[in-house]
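**Q** You'll find start.txt just under this line, and it carries compact mmCIF, C-alpha atoms and all ligand atoms.
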```
# COMPACT_ATOMS: atom_id res chain seq x y z
CA MET A 390 78.62 115.09 185.43
CA PRO A 391 80.62 118.32 185.14
CA HIS A 392 81.01 119.75 181.63
CA PRO A 393 84.68 119.65 180.55
CA ASP A 394 84.73 123.47 180.28
CA THR A 395 84.39 123.62 184.08
CA TRP A 396 87.66 121.75 184.65
CA LEU A 397 89.65 122.13 181.37
CA LYS A 398 90.33 125.84 181.00
CA VAL A 399 91.67 127.96 178.17
CA THR A 400 94.32 130.21 179.73
CA PRO A 401 97.00 132.50 178.25
CA GLY A 402 99.48 129.65 178.85
CA GLY A 403 97.34 127.11 177.01
CA LEU A 404 94.87 124.39 178.03
CA TYR A 405 94.94 123.91 181.80
CA CYS A 406 93.41 121.00 183.68
CA GLU A 407 92.44 122.72 186.92
CA PRO A 408 91.84 119.78 189.27
CA GLY A 409 94.93 118.00 187.91
CA GLY A 410 97.11 121.12 188.15
CA PHE A 411 98.79 120.58 184.77
CA TYR A 412 98.83 122.10 181.27
CA VAL A 413 98.65 120.25 177.95
CA ASP A 414 101.12 121.61 175.36
CA PRO A 415 101.58 124.90 177.25
CA THR A 416 102.82 127.86 175.25
CA ARG A 417 105.08 129.11 178.05
CA ALA A 418 107.25 127.43 180.68
CA VAL A 419 105.08 125.93 183.45
CA ASP A 420 105.43 123.76 186.52
CA ARG A 421 103.66 120.67 185.14
CA ALA A 422 103.27 120.00 181.40
CA VAL A 423 101.81 117.08 179.47
CA ILE A 424 103.14 117.11 175.90
CA THR A 425 101.39 115.55 172.89
CA HIS A 426 104.41 115.48 170.54
CA GLY A 427 107.81 116.96 169.82
CA HIS A 428 107.05 119.76 167.33
CA SER A 429 108.23 123.05 168.78
CA ASP A 430 104.82 124.73 168.85
CA HIS A 431 103.62 121.97 171.20
CA ALA A 432 106.82 121.06 173.04
CA ARG A 433 108.52 124.12 174.51
CA PRO A 434 111.58 124.25 176.72
CA GLY A 435 111.82 125.18 180.37
CA HIS A 436 109.04 123.21 182.09
CA ALA A 437 109.77 121.88 185.57
CA HIS A 438 107.99 118.55 185.06
CA VAL A 439 107.17 116.98 181.69
CA LEU A 440 104.99 113.95 181.09
CA ALA A 441 104.91 112.42 177.58
CA THR A 442 105.64 109.19 175.75
CA ARG A 443 109.21 107.91 175.99
CA GLU A 444 109.67 108.76 172.30
CA THR A 445 108.48 112.36 172.71
CA LEU A 446 110.76 112.85 175.71
CA ALA A 447 113.73 111.57 173.68
CA ILE A 448 112.84 113.82 170.72
CA MET A 449 112.50 116.85 173.02
CA THR A 450 115.90 116.11 174.56
CA THR A 451 117.51 115.87 171.11
CA ARG A 452 116.02 119.18 170.03
CA MET A 453 116.43 121.21 173.21
CA GLY A 454 119.46 119.64 174.79
CA GLU A 455 119.89 117.69 177.99
CA GLY A 456 118.14 119.35 180.95
CA ARG A 457 116.04 121.80 178.88
CA ALA A 458 113.28 119.31 178.08
CA GLY A 459 111.93 119.29 181.64
CA GLU A 460 113.86 119.28 184.90
CA THR A 461 112.14 115.97 185.57
CA GLN A 462 110.69 113.77 182.87
CA GLN A 463 108.01 111.13 183.30
CA ALA A 464 107.32 108.62 180.53
CA LEU A 465 103.88 107.15 180.00
CA GLY A 466 103.24 104.43 177.43
CA TYR A 467 100.17 104.23 175.17
CA GLY A 468 97.33 102.61 177.12
CA GLU A 469 98.98 103.05 180.53
CA SER A 470 97.01 105.21 182.86
CA LEU A 471 97.66 107.23 186.00
CA THR A 472 95.63 109.42 188.31
CA ILE A 473 96.70 112.96 189.22
CA ASN A 474 94.63 114.63 191.96
CA GLY A 475 91.61 112.59 190.96
CA VAL A 476 92.05 113.14 187.20
CA ARG A 477 92.66 109.95 185.23
CA LEU A 478 95.13 110.48 182.39
CA TRP A 479 96.10 108.13 179.57
CA LEU A 480 97.65 108.42 176.12
CA ARG A 481 96.46 107.07 172.79
CA PRO A 482 98.41 107.10 169.48
CA ALA A 483 97.79 110.17 167.30
CA GLY A 484 99.50 108.91 164.12
CA HIS A 485 101.22 112.27 163.56
CA VAL A 486 104.94 111.63 164.25
CA LEU A 487 106.88 109.08 166.30
CA GLY A 488 105.64 109.18 169.90
CA SER A 489 102.72 111.51 169.17
CA ALA A 490 99.84 110.99 171.56
CA GLN A 491 96.32 112.12 172.27
CA VAL A 492 95.98 113.12 175.91
CA CYS A 493 92.83 111.54 177.35
CA LEU A 494 91.50 113.01 180.61
CA GLU A 495 88.62 111.94 182.79
CA TRP A 496 87.33 113.76 185.85
CA GLN A 497 84.18 112.81 187.73
CA GLY A 498 82.91 110.80 184.78
CA SER A 499 83.47 113.62 182.28
CA ARG A 500 85.99 112.91 179.51
CA ALA A 501 88.05 115.18 177.25
CA VAL A 502 90.57 114.10 174.60
CA ILE A 503 93.24 116.56 173.43
CA SER A 504 94.54 115.19 170.16
CA GLY A 505 97.44 117.57 169.49
CA ASP A 506 98.17 117.13 165.79
CA TYR A 507 97.01 113.94 164.12
CA LYS A 508 96.42 112.09 160.87
CA ARG A 509 94.57 108.91 159.89
CA GLN A 510 96.81 107.81 156.99
CA ALA A 511 99.26 104.97 157.53
CA ASP A 512 102.79 106.02 158.47
CA PRO A 513 105.52 103.39 159.01
CA THR A 514 107.14 105.62 161.67
CA ALA A 515 104.10 106.41 163.83
CA MET A 516 101.49 104.25 165.54
CA ARG A 517 98.11 104.62 163.91
CA PHE A 518 95.55 107.01 165.43
CA GLU A 519 93.09 105.32 167.77
CA PRO A 520 89.75 107.07 168.29
CA GLU A 521 88.61 107.43 171.91
CA ARG A 522 84.99 108.17 172.73
CA CYS A 523 84.69 111.40 174.72
CA ASP A 524 82.49 114.33 175.76
CA VAL A 525 84.82 116.97 174.33
CA PHE A 526 87.34 116.32 171.55
CA VAL A 527 90.03 118.94 171.01
CA THR A 528 91.19 119.01 167.40
CA GLU A 529 93.58 120.85 165.13
CA ALA A 530 92.29 122.31 161.84
CA THR A 531 95.45 122.83 159.76
CA PHE A 532 93.81 121.51 156.56
CA ALA A 533 90.16 122.11 157.47
CA LEU A 534 88.86 123.13 154.05
CA PRO A 535 87.08 120.84 151.57
CA VAL A 536 89.84 121.56 149.01
CA PHE A 537 92.31 119.66 151.20
CA ARG A 538 91.97 115.98 150.42
CA HIS A 539 95.30 114.22 150.68
CA PRO A 540 95.93 111.60 147.97
CA PRO A 541 97.39 108.19 148.91
CA PRO A 542 100.97 108.88 150.05
CA GLU A 543 102.32 105.85 148.15
CA ALA A 544 101.12 107.38 144.88
CA GLU A 545 102.92 110.65 145.70
CA LEU A 546 106.13 108.80 146.55
CA ALA A 547 105.86 106.89 143.25
CA LYS A 548 105.98 110.28 141.48
CA LEU A 549 109.34 110.95 143.09
CA LEU A 550 110.72 107.54 142.09
CA ARG A 551 109.46 107.96 138.51
CA SER A 552 111.19 111.33 138.29
CA VAL A 553 114.44 109.84 139.62
CA ALA A 554 114.23 107.12 136.96
CA LEU A 555 113.49 109.73 134.28
CA PHE A 556 116.37 112.06 135.25
CA PRO A 557 119.15 109.76 136.47
CA GLU A 558 121.78 112.53 136.13
CA ARG A 559 119.98 115.00 138.35
CA THR A 560 119.80 115.25 142.14
CA HIS A 561 116.32 115.23 143.64
CA VAL A 562 116.15 117.58 146.62
CA VAL A 563 113.03 116.98 148.68
CA GLY A 564 112.04 119.69 151.15
CA CYS A 565 110.53 118.17 154.25
CA TYR A 566 110.16 119.03 157.88
CA SER A 567 112.98 117.65 160.06
CA LEU A 568 110.77 115.96 162.67
CA GLY A 569 108.42 113.36 161.28
CA LYS A 570 108.12 114.04 157.57
CA CYS A 571 111.79 113.38 156.91
CA GLN A 572 111.81 110.00 158.66
CA ARG A 573 108.43 109.04 157.21
CA LEU A 574 109.72 109.69 153.68
CA ILE A 575 112.82 107.59 154.30
CA ALA A 576 110.74 104.71 155.72
CA MET A 577 108.34 104.95 152.75
CA LEU A 578 111.27 104.92 150.32
CA ARG A 579 112.54 101.73 152.02
CA GLU A 580 109.07 100.14 151.79
CA ALA A 581 109.00 101.03 148.09
CA GLY A 582 112.29 99.15 147.62
CA TRP A 583 114.75 102.08 147.52
CA ASP A 584 117.84 100.45 149.06
CA ARG A 585 120.38 103.04 147.91
CA PRO A 586 121.64 105.66 150.37
CA VAL A 587 119.40 108.57 151.31
CA HIS A 588 121.33 111.82 151.64
CA LEU A 589 120.51 114.31 154.36
CA HIS A 590 121.00 118.01 154.86
CA GLY A 591 122.86 118.53 158.14
CA ALA A 592 119.70 119.86 159.83
CA HIS A 593 118.02 116.46 159.44
CA VAL A 594 120.73 114.21 160.86
CA ALA A 595 120.16 114.37 164.63
CA LEU A 596 116.48 113.43 164.62
CA CYS A 597 117.09 110.56 162.19
CA ARG A 598 119.61 109.20 164.70
CA THR A 599 117.05 109.59 167.49
CA TYR A 600 114.42 107.71 165.49
CA GLU A 601 116.89 104.90 164.88
CA ALA A 602 117.81 104.79 168.58
CA LEU A 603 114.08 104.48 169.31
CA GLY A 604 113.80 101.43 167.05
CA VAL A 605 112.83 102.91 163.67
CA PRO A 606 115.37 101.58 161.11
CA LEU A 607 116.10 104.05 158.30
CA GLY A 608 118.83 102.23 156.34
CA ASP A 609 121.90 103.80 154.76
CA LEU A 610 121.93 107.54 155.51
CA ARG A 611 124.66 109.92 154.29
CA THR A 612 125.31 113.57 154.89
CA ALA A 613 124.76 115.49 151.65
CA THR A 614 127.11 118.31 152.60
CA VAL A 615 130.17 116.05 152.58
CA ALA A 616 129.15 114.09 149.50
CA LYS A 617 130.86 114.90 146.21
CA LYS A 618 128.69 116.47 143.51
CA GLU A 619 129.46 113.46 141.29
CA ASP A 620 128.13 111.03 143.94
CA LEU A 621 124.84 112.86 144.09
CA LYS A 622 123.86 112.11 140.49
CA GLY A 623 120.54 110.30 140.71
CA ALA A 624 120.53 110.68 144.49
CA ILE A 625 117.66 111.66 146.76
CA VAL A 626 118.55 114.43 149.21
CA LEU A 627 116.22 115.41 152.04
CA ALA A 628 116.54 118.99 153.25
CA PRO A 629 114.53 121.63 155.14
CA PRO A 630 111.94 123.22 152.80
CA SER A 631 113.75 126.55 153.10
CA ALA A 632 116.95 125.02 151.69
CA VAL A 633 115.36 123.60 148.53
CA ALA A 634 115.36 126.82 146.53
CA ASP A 635 118.44 128.47 148.01
CA ARG A 636 122.17 128.47 147.35
CA TRP A 637 122.67 125.27 149.30
CA ALA A 638 120.66 123.25 146.76
CA ARG A 639 122.12 125.02 143.72
CA ARG A 640 125.50 123.43 144.48
CA LEU A 641 123.97 120.03 143.78
CA ASN A 642 123.82 118.34 140.40
CA GLU A 643 121.07 120.05 138.31
CA PRO A 644 118.74 119.75 141.29
CA VAL A 645 115.07 118.86 140.89
CA PRO A 646 113.41 120.88 143.65
CA ALA A 647 110.61 118.97 145.38
CA VAL A 648 108.63 119.57 148.57
CA ALA A 649 106.56 117.04 150.53
CA SER A 650 103.72 118.82 152.29
CA GLY A 651 99.94 118.98 152.46
CA TRP A 652 100.26 122.55 151.16
CA MET A 653 101.49 121.22 147.81
CA ARG A 654 97.80 120.73 147.02
CA VAL A 655 97.77 124.48 146.35
CA ARG A 656 99.46 124.82 142.96
CA GLN A 657 100.18 128.50 143.49
CA ARG A 658 102.18 127.73 146.60
CA ALA A 659 104.35 125.18 144.85
CA LYS A 660 104.96 127.62 141.99
CA GLN A 661 105.92 130.49 144.30
CA GLY A 662 108.44 128.28 146.05
CA GLY A 663 110.05 127.22 142.77
CA VAL A 664 108.97 123.63 143.40
CA GLU A 665 109.21 121.51 140.25
CA LEU A 666 107.90 118.35 141.87
CA PRO A 667 105.18 118.94 144.47
CA LEU A 668 104.40 115.89 146.63
CA VAL A 669 101.15 116.03 148.59
CA ILE A 670 102.24 114.11 151.68
CA SER A 671 100.95 115.44 154.98
CA ASP A 672 101.18 114.48 158.64
CA HIS A 673 97.90 116.29 159.40
CA ALA A 674 94.31 115.14 158.99
CA ASP A 675 92.66 116.34 155.79
CA TRP A 676 89.05 117.53 155.53
CA ASP A 677 87.57 114.02 155.28
CA GLU A 678 89.72 112.71 158.11
CA LEU A 679 88.71 115.60 160.39
CA LEU A 680 85.01 114.91 159.83
CA ALA A 681 85.37 111.12 160.04
CA THR A 682 87.26 111.47 163.32
CA ALA A 683 84.62 113.82 164.72
CA ALA A 684 82.00 111.15 164.02
CA GLU A 685 84.05 108.30 165.47
CA VAL A 686 84.85 109.92 168.82
CA GLN A 687 81.10 110.62 169.23
CA ALA A 688 81.76 113.85 171.11
CA PRO A 689 78.77 116.21 171.21
CA GLU A 690 81.22 119.10 171.36
CA ILE A 691 84.52 119.74 169.55
CA TRP A 692 87.04 122.41 170.41
CA VAL A 693 89.28 123.64 167.60
CA THR A 694 92.76 124.82 168.59
CA HIS A 695 94.29 126.27 165.44
CA GLY A 696 93.95 126.41 161.68
CA ARG A 697 90.80 127.04 159.68
CA GLU A 698 88.23 126.97 162.49
CA ASP A 699 85.28 128.57 160.69
CA ALA A 700 84.76 126.02 157.92
CA LEU A 701 85.16 123.09 160.32
CA ILE A 702 82.85 124.53 162.97
CA HIS A 703 80.21 125.17 160.31
CA ALA A 704 80.49 121.62 158.93
CA LEU A 705 80.31 120.16 162.45
CA GLY A 706 77.20 122.22 163.17
CA LEU A 707 75.48 120.66 160.14
CA ARG A 708 76.18 117.28 161.73
CA GLY A 709 74.72 118.28 165.08
CA ILE A 710 78.09 118.75 166.78
CA ARG A 711 78.81 121.94 168.70
CA GLY A 712 82.09 123.52 167.63
CA ARG A 713 84.11 126.02 169.63
CA ALA A 714 87.17 127.96 168.45
CA LEU A 715 89.74 128.12 171.25
CA HIS A 716 91.93 130.80 169.63
CA LEU A 717 95.01 129.44 171.36
CA ILE A 718 98.01 131.57 170.59
CA GLY A 719 101.24 130.08 169.29
CA PHE A 720 100.10 126.92 167.53
CA GLY A 721 100.71 126.09 163.91
CA GLU A 722 104.08 127.78 163.92
CA GLU A 723 106.00 124.64 163.09
CA ASP A 724 105.85 121.63 160.82
CA GLU A 725 103.38 122.30 158.02
CA ALA A 726 102.95 125.95 158.85
CA GLU A 727 103.77 128.92 156.68
CA GLU A 728 107.49 128.19 156.51
CA THR A 729 106.90 125.06 154.42
CA VAL A 730 107.59 126.74 151.11
CA ALA A 731 110.64 128.95 150.81
CA ALA A 732 109.79 132.52 149.90
ZN ZN B 1 102.88 118.69 164.88
```
Take the structure I supplied and represent it as structure tokens, if you would.
Ligand SMILES: [Zn+2]
**A**
Amino acid sequence: MPHPDTWLKVTPGGLYCEPGGFYVDPTRAVDRAVITHGHSDHARPGHAHVLATRETLAIMTTRMGEGRAGETQQALGYGESLTINGVRLWLRPAGHVLGSAQVCLEWQGSRAVISGDYKRQADPTAMRFEPERCDVFVTEATFALPVFRHPPPEAELAKLLRSVALFPERTHVVGCYSLGKCQRLIAMLREAGWDRPVHLHGAHVALCRTYEALGVPLGDLRTATVAKKEDLKGAIVLAPPSAVADRWARRLNEPVPAVASGWMRVRQRAKQGGVELPLVISDHADWDELLATAAEVQAPEIWVTHGREDALIHALGLRGIRGRALHLIGFGEEDEAEETVAA
């Protein structure tokens, strides 16, 4: 059985499946791309052929515009499988954002799973991660330090609702990433019984519409920019993290600046960003989830694409798993990357 490193190559353009002739989440425009999910560090414009879930293709089209998200698009559902030049390919849910998938590849009996970004927590807007046994598991490492243990998201959301009840005159502005986190927060608010409108910064509107078109109901959504200051008393406004501390938010009614991100675990980061109400809600696996997943997929070898490789590779080694840092360029530039907290 060939080792996956003989047929899944690290190239300047990203991970390349040589016998299949395609890249997974390539960092530059290529002929054939398989895309794990719609965040811009994984889904880039200009590929000739793009294969992804139907949801990821729709999200890419919303973000890039018609025709820029692959000259030809091919949708593949979770659990469906196809064979490309002898390589079997199938997708499994990654639990990260709507449509996010692990790309499972098998060639001559040797199996690799490229997970993209993933989390194990429940998320009403994304299908739950399904572990797939494999010979090589490719993982992210955004929060790969023992200090990162995400609390239950419902408890974090309850903090927001308590603050709204405590300050009914003020507007709560929650910084959140426009793809995934925003819609997850809205769906969680609905599950918690919040049936009032949710107000959106203009940057968040298009993807909410796409989620709804894909069958994720989000309830009454309003644009915050056209709302009157008076109407926003006691309201919840979702905005890009960079907008929370800037002039845009200061126009609102005595705003309570909040940010929902795994980085809010780091008190210093919340403080620097002027965040009054940090909410530790993340769409990435935390330390325990990374190690639990490594055990479940039973891979003797794990490749780490981006984040804090050293701590994870050391911890894997203690468990008898070989770790390898891929040093792929260009990942971790979006979603919960450095831009999360406004400078
Ligand atoms: Zn992502």
**Q** So what do you get for CA of Asp394 (chain A) versus CA of Asp677 (chain A), distance-wise?
**A**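 Taking CA of Asp394 (chain A) and CA of Asp677 (chain A), their separation equals 26.9 Å.
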**Q** Using only C-alpha atoms and all ligand atoms, which residues of the polymer chains come no farther than 9 Å from ligand ZN 1 (chain B)? I'd like the answer as a list in words.
**A** Thr425, His426, Gly427, His428, Ser429, Asp430, His431, His485, Val486, Ser489, Gly505, Asp506, Tyr507, Leu568, Gly569, Asp672, His673, Gly721, Glu723, Asp724 and Glu725 of chain A
**Q** CA of Pro520 (chain A) and CA of Glu685 (chain A), how far apart in Å?
**A**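 Distance reported for this atom pair: 6.5 Å.
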**Q** CA of Gly459 (chain A) to CA of Gly484 (chain A): how many Å, to one decimal?
**A**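 These two atoms are separated by 23.9 Å.
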**Q** Quick one: residues within 9 Å of Gly608 (chain A), all atoms listed in the file counted, chain neighbours fewer than 5 positions away excluded, as a list in words?
**A**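 The contact residues come out as Ile575, Ala576, Arg579, Asp584, Arg585, Pro586 and Val587 of chain A.
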**Q** For Leu465 (chain A), list every protein, DNA or RNA residue within 10 Å, evaluated using only C-alpha atoms, and leave out those in the same chain fewer than 2 positions away; present the list as a PDB file with C-alpha atoms, in the frame of the given file.
**A**
```
ATOM      1  CA  LEU A 440     104.990 113.950 181.090  1.00  0.00           C
ATOM      2  CA  ALA A 441     104.910 112.420 177.580  1.00  0.00           C
ATOM      3  CA  THR A 442     105.640 109.190 175.750  1.00  0.00           C
ATOM      4  CA  ARG A 443     109.210 107.910 175.990  1.00  0.00           C
ATOM      5  CA  GLU A 444     109.670 108.760 172.300  1.00  0.00           C
ATOM      6  CA  LEU A 446     110.760 112.850 175.710  1.00  0.00           C
ATOM      7  CA  GLN A 462     110.690 113.770 182.870  1.00  0.00           C
ATOM      8  CA  GLN A 463     108.010 111.130 183.300  1.00  0.00           C
ATOM      9  CA  TYR A 467     100.170 104.230 175.170  1.00  0.00           C
ATOM     10  CA  GLY A 468      97.330 102.610 177.120  1.00  0.00           C
ATOM     11  CA  GLU A 469      98.980 103.050 180.530  1.00  0.00           C
ATOM     12  CA  SER A 470      97.010 105.210 182.860  1.00  0.00           C
ATOM     13  CA  LEU A 471      97.660 107.230 186.000  1.00  0.00           C
ATOM     14  CA  LEU A 478      95.130 110.480 182.390  1.00  0.00           C
ATOM     15  CA  TRP A 479      96.100 108.130 179.570  1.00  0.00           C
ATOM     16  CA  LEU A 480      97.650 108.420 176.120  1.00  0.00           C
TER      17      LEU A 480
END
```
**Q** Measuring atom to atom with all atoms listed in the file, identify which of A:Ala581, A:Glu690, A:Ala422, A:Ala681 is nearest to His392 (chain A).
**A** A:Glu690
**Q** Nearest residue to Lys618 (chain A) out of A:Ser671, A:Thr560, A:Ser650, A:Gln657, using only C-alpha atoms?
**A**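 Nearest to Lys618 (chain A): A:Thr560.
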**Q** Counting all atoms listed in the file, which residues in region 469-565 of chain A sit no more than 9 Å from region 397-421 of chain A? For each one, give the nearest pair of atoms and the distance in Å, sorted by chain then residue number, as a Markdown table.
**A**
```
| residue | atom | partner | partner_atom | distance |
| --- | --- | --- | --- | --- |
| A:Thr472 | CA | A:Gly409 | CA | 8.6 |
| A:Ile473 | CA | A:Gly409 | CA | 5.5 |
| A:Asn474 | CA | A:Gly409 | CA | 5.3 |
| A:Gly475 | CA | A:Gly409 | CA | 7.0 |
| A:Val476 | CA | A:Gly409 | CA | 5.7 |
| A:Arg477 | CA | A:Gly409 | CA | 8.8 |
| A:Val492 | CA | A:Val413 | CA | 7.9 |
| A:Leu494 | CA | A:Cys406 | CA | 8.8 |
| A:Trp496 | CA | A:Pro408 | CA | 8.3 |
| A:Ala501 | CA | A:Leu397 | CA | 8.2 |
| A:Ile503 | CA | A:Val413 | CA | 8.0 |
| A:Gly505 | CA | A:Asp414 | CA | 8.0 |
```
**Q** Save the residues we just selected, C-alpha atoms, as an mmCIF file, in the frame of the given file?
**A**
```cif
data_model
loop_
_atom_site.group_PDB
_atom_site.id
_atom_site.type_symbol
_atom_site.label_atom_id
_atom_site.label_comp_id
_atom_site.auth_asym_id
_atom_site.auth_seq_id
_atom_site.Cartn_x
_atom_site.Cartn_y
_atom_site.Cartn_z
ATOM 1 C CA THR A 472 95.630 109.420 188.310
ATOM 2 C CA ILE A 473 96.700 112.960 189.220
ATOM 3 C CA ASN A 474 94.630 114.630 191.960
ATOM 4 C CA GLY A 475 91.610 112.590 190.960
ATOM 5 C CA VAL A 476 92.050 113.140 187.200
ATOM 6 C CA ARG A 477 92.660 109.950 185.230
ATOM 7 C CA VAL A 492 95.980 113.120 175.910
ATOM 8 C CA LEU A 494 91.500 113.010 180.610
ATOM 9 C CA TRP A 496 87.330 113.760 185.850
ATOM 10 C CA ALA A 501 88.050 115.180 177.250
ATOM 11 C CA ILE A 503 93.240 116.560 173.430
ATOM 12 C CA GLY A 505 97.440 117.570 169.490
#
```
**Q** Mind running region 645-702 of chain A against region 543-558 of chain A at 10 Å and telling me each contacting residue's nearest atom pair with the distance in Å (one decimal), counting all atoms listed in the file, chain and number ascending, as CSV?
**A**
```
residue,atom,partner,partner_atom,distance
A:Val645,CA,A:Ser552,CA,8.9
A:Ala647,CA,A:Leu549,CA,8.4
A:Ala649,CA,A:Glu545,CA,8.8
A:Leu666,CA,A:Leu549,CA,7.6
A:Pro667,CA,A:Glu545,CA,8.7
A:Leu668,CA,A:Glu545,CA,5.5
A:Val669,CA,A:Glu545,CA,6.4
A:Ile670,CA,A:Glu545,CA,6.9
```
**Q** Would you list the contacts of region 571-574 of chain A as a list of chain:residue names, taking every protein, DNA or RNA residue within 7 Å and counting all atoms listed in the file, but skipping same-chain residues closer than 5 positions in sequence?
**A** A:Asp512, A:Pro513, A:Thr514, A:Cys565, A:Tyr566, A:Cys597, A:Leu627
**Q** Using only C-alpha atoms, please write the residues we just selected to a file, as a PDB file, keeping the file's coordinate frame.
**A**
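Writing done, so here's selection.pdb:
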```
ATOM      1  CA  ASP A 512     102.790 106.020 158.470  1.00  0.00           C
ATOM      2  CA  PRO A 513     105.520 103.390 159.010  1.00  0.00           C
ATOM      3  CA  THR A 514     107.140 105.620 161.670  1.00  0.00           C
ATOM      4  CA  CYS A 565     110.530 118.170 154.250  1.00  0.00           C
ATOM      5  CA  TYR A 566     110.160 119.030 157.880  1.00  0.00           C
ATOM      6  CA  CYS A 597     117.090 110.560 162.190  1.00  0.00           C
ATOM      7  CA  LEU A 627     116.220 115.410 152.040  1.00  0.00           C
TER       8      LEU A 627
END
```
**Q** Pull the neighbourhood of (116.2, 124.4, 178.0) for me: all residues within 12 Å in file coordinates, counting all atoms listed in the file, as a VMD selection string.
**A** chain A and resid 418 432 to 437 449 to 460
**Q** Applying 10 Å and all atoms listed in the file, which residues near Pro391 (chain A) remain after dropping the ones on its own chain fewer than 3 positions away? List them as a list of chain:residue names.
**A** A:Asp394, A:Thr395, A:Trp396, A:Trp496, A:Gln497, A:Gly498, A:Ser499, A:Arg500
**Q** Counting all atoms listed in the file, what is within 6 Å of Asp675 (chain A), bar same-chain residues fewer than 2 positions away, as a PyMOL selection string?
**A** chain A and resi 532+537-538+677-678
**Q** At most 7 Å from (86.9, 108.7, 176.6), file frame, only C-alpha atoms: which residues, as a ChimeraX atom specification?
**A** /A:493,500-502,521-523
**Q** Could you check which of A:Leu487, A:Val594, A:Leu680, A:Ala700 is closest to Ala515 (chain A), using all atoms listed in the file?
**A**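 Nearest to Ala515 (chain A): A:Leu487.
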**Q** Could I get the residues of region 510-603 of chain A with an atom no further than 10 Å from an atom of region 702-715 of chain A, each paired with its nearest atom pair and that distance in Å to one decimal, using all atoms listed in the file, sorted by chain and residue number, as JSON lines?
**A**
```
{"residue": "A:Val525", "atom": "CA", "partner": "A:Arg711", "partner_atom": "CA", "distance": 9.6}
{"residue": "A:Phe526", "atom": "CA", "partner": "A:Gly712", "partner_atom": "CA", "distance": 9.7}
{"residue": "A:Val527", "atom": "CA", "partner": "A:Leu715", "partner_atom": "CA", "distance": 9.2}
{"residue": "A:Thr528", "atom": "CA", "partner": "A:Ala714", "partner_atom": "CA", "distance": 9.9}
{"residue": "A:Ala530", "atom": "CA", "partner": "A:Ile702", "partner_atom": "CA", "distance": 9.8}
{"residue": "A:Ala533", "atom": "CA", "partner": "A:Ile702", "partner_atom": "CA", "distance": 9.5}
{"residue": "A:Leu534", "atom": "CA", "partner": "A:Ala704", "partner_atom": "CA", "distance": 9.8}
{"residue": "A:Pro535", "atom": "CA", "partner": "A:Ala704", "partner_atom": "CA", "distance": 9.9}
```
**Q** Take the selection from the previous step and output its residues with C-alpha atoms, as a short mmCIF file (atom, residue, chain, number, x, y, z; two decimals), in the coordinates of the input.
**A**
```
data_model
loop_
_atom_site.label_atom_id
_atom_site.label_comp_id
_atom_site.auth_asym_id
_atom_site.auth_seq_id
_atom_site.Cartn_x
_atom_site.Cartn_y
_atom_site.Cartn_z
CA VAL A 525 84.82 116.97 174.33
CA PHE A 526 87.34 116.32 171.55
CA VAL A 527 90.03 118.94 171.01
CA THR A 528 91.19 119.01 167.40
CA ALA A 530 92.29 122.31 161.84
CA ALA A 533 90.16 122.11 157.47
CA LEU A 534 88.86 123.13 154.05
CA PRO A 535 87.08 120.84 151.57
#
```
